[in-house]
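A.B. asks: I have a structure here, written as C-alpha cells, and I will follow up with some questions on it.
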Amino acid sequence: MLSVDYSRLGLQPDERLLDLGCGAGRHAYEGLRLGARVVALDADPAELIGVRATAAAMAEASASDIGGGGVQVGSVAGDATKLPFRDGAFDKVIAAEVLEHIPADQVAMAELSRVLRPGGSLAVTVPRFGPELVNWALSDAYHQVKGGHIRIYRRSTLLGRLRRAGLLPRASHHAHALHSPYWWLRCVVGVDREDHFLVRAYHRLLVWDITAAPPLTRVTERLLNPVLGKSLVVYLVKPG
C-alpha cells in the first residue's frame, strides 16, 4: 500500500533514494523495483530485519523482475534528527508517516533537506488533519502510546515548516480514504480490539483491496480521497 506516487516524485533508475522511517519497507521495495539504489532507515532495528530479508529475496529475482543492474539496498538503524549521511547524499527522499512521531520535527526536516542534493525531490506524508482529529476525539488510546502520534498537522503548518528547512512545495494530494473509517471504527470499539467482528470484516476488505486492487474499491477510493483521504502527501524540491 503505497502513499507516494513515484511518477510525481520523479524517481529514475540508479538514483539514490532514502526511505526514512521505512517500517516494513513498502516504499523501499517500490524504489528497488524501479531500479533505484535504496537506503532504508528506521529507528527500530527489528523492522530492518524483515526489510533485509525481503530485499534479499528481491535480489534473487532481479534478473527477470527488477531493474537492469540488480538490486542495491542498504539498511540503517538511525535517528531522523541525526542522519548518518553526508550532505547531498541522496537524489530522492521519502518520509512517509514519520514526522508526526518526532518531537523535534523541525530538526528532522532540516536533516531531510541537508541529505537531499540540490535539485533533488522529497515526498512527505503525514496523517491528514480532519480524519486524524476524529481519531483523537474518539480515543485517547489511539495516540497516547509509546512512539505514537504526538501532533496533528494542518497542511499550512507542515508546508511552512518544510519551507523553513529550505524545501519548496510543488504538488500534493490525499491518499487512503478507505482507511479513515477503518481507524474510526477501531477507535470506537477500542484500538486494541482487532478481534472485534466489525474490525475483522473491514480488515478483510482492506486486504482484498490491497492484494486484488479491484476496480470497485480503486475507483471508490480515488473519488473519496479529496474528502476522506487519511494521508496528506506533499512533494517538494530542494533548490539547485
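Labels used: A, B, ... for chains in the order of the C-alpha cells, numbers from 1 for residues in each chain, and numbers from 1 for ligands as shown.
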Residues of range 16-133 of chain A classed as strand (DSSP E) by DSSP on the backbone are to be reported as a ChimeraX atom specification.

C.D. replies: /A:16-20,37-42,72-77,90-96,116-127

A.B. asks: Extract, using only C-alpha atoms, all DNA, RNA and protein residues at most 12 Å from Leu205 in chain A, discarding same-chain residues fewer than 4 positions from it, and format them as a PDB file with C-alpha atoms, in the first residue's frame.

C.D. replies:
ATOM      1  CA  LEU A 178     -10.884   3.688   2.733  1.00  0.00           C
ATOM      2  CA  HIS A 179      -8.593   3.559   5.761  1.00  0.00           C
ATOM      3  CA  PRO A 181     -13.398   4.788   8.509  1.00  0.00           C
ATOM      4  CA  TYR A 182     -11.412   1.697   9.494  1.00  0.00           C
ATOM      5  CA  LEU A 198     -16.638  -5.495  12.522  1.00  0.00           C
ATOM      6  CA  VAL A 199     -12.923  -4.707  12.639  1.00  0.00           C
ATOM      7  CA  ARG A 200     -12.064  -8.136  11.210  1.00  0.00           C
ATOM      8  CA  ALA A 201     -14.616  -7.710   8.424  1.00  0.00           C
ATOM      9  CA  ASP A 209      -8.333  -4.062  -1.875  1.00  0.00           C
ATOM     10  CA  ILE A 210      -4.550  -4.120  -1.465  1.00  0.00           C
ATOM     11  CA  THR A 211      -3.960  -7.585  -2.910  1.00  0.00           C
ATOM     12  CA  ALA A 212      -6.563  -7.680  -5.685  1.00  0.00           C
ATOM     13  CA  ALA A 213      -6.919  -3.945  -6.479  1.00  0.00           C
ATOM     14  CA  PRO A 214     -10.477  -4.432  -7.769  1.00  0.00           C
ATOM     15  CA  LEU A 216     -14.771  -1.080  -7.427  1.00  0.00           C
ATOM     16  CA  THR A 217     -12.587  -0.146  -4.451  1.00  0.00           C
TER      17      THR A 217
END

A.B. asks: Give me, as JSON lines, each residue of range 127-239 of chain A that comes within 10 Å of range 9-31 of chain A, together with its shortest interatomic pair and the distance in Å at one decimal, counting only C-alpha atoms, with rows ordered by chain and rising residue number.

C.D. replies:
{"residue": "A:Ala171", "atom": "CA", "partner": "A:Leu9", "partner_atom": "CA", "distance": 9.6}
{"residue": "A:Val234", "atom": "CA", "partner": "A:Leu9", "partner_atom": "CA", "distance": 9.6}
{"residue": "A:Tyr235", "atom": "CA", "partner": "A:Leu9", "partner_atom": "CA", "distance": 6.7}
{"residue": "A:Leu236", "atom": "CA", "partner": "A:Leu9", "partner_atom": "CA", "distance": 8.5}
{"residue": "A:Val237", "atom": "CA", "partner": "A:Leu9", "partner_atom": "CA", "distance": 9.4}

A.B. asks: Assign secondary structure with DSSP using the backbone only, and return the residues of range 39-219 of chain A in alpha helix (DSSP H) as a VMD selection string.

C.D. replies: chain A and resid 45 to 60 62 to 65 105 to 115 129 to 138 155 to 164 179 to 189 197 to 212 215 to 219

A.B. asks: Env of range 157-170 of chain A: 9 Å cut, atoms = only C-alpha atoms, seq-sep filter 6 positions within chain, self excluded. Answer as a tab-separated table (two decimals) with C-alpha atoms, in the first residue's frame.

C.D. replies:
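And here is the file that came out, selection_37.tsv:
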chain	number	residue	atom	x	y	z
A	105	ASP	CA	10.24	17.67	13.82
A	106	GLN	CA	11.85	20.90	12.58
A	107	VAL	CA	15.28	19.39	13.25
A	109	MET	CA	13.07	18.39	8.39
A	110	ALA	CA	16.40	20.23	8.35
A	111	GLU	CA	18.19	16.88	8.22
A	112	LEU	CA	16.00	15.71	5.33
A	113	SER	CA	16.91	18.86	3.45
A	114	ARG	CA	20.60	18.52	4.27
A	121	SER	CA	12.97	15.99	-4.66
A	122	LEU	CA	11.29	14.83	-1.48
A	126	VAL	CA	1.51	12.70	7.38
A	234	VAL	CA	3.31	16.60	-0.38
A	235	TYR	CA	6.12	16.76	-2.93
A	236	LEU	CA	8.93	19.25	-2.58
A	237	VAL	CA	12.18	20.18	-4.27
A	238	LYS	CA	15.45	21.47	-2.86
A	239	PRO	CA	16.52	24.48	-4.91

A.B. asks: In Å, how far is it from CA of Pro127 in chain A to CA of Trp208 in chain A?

C.D. replies: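 The value is 22.6 Å.
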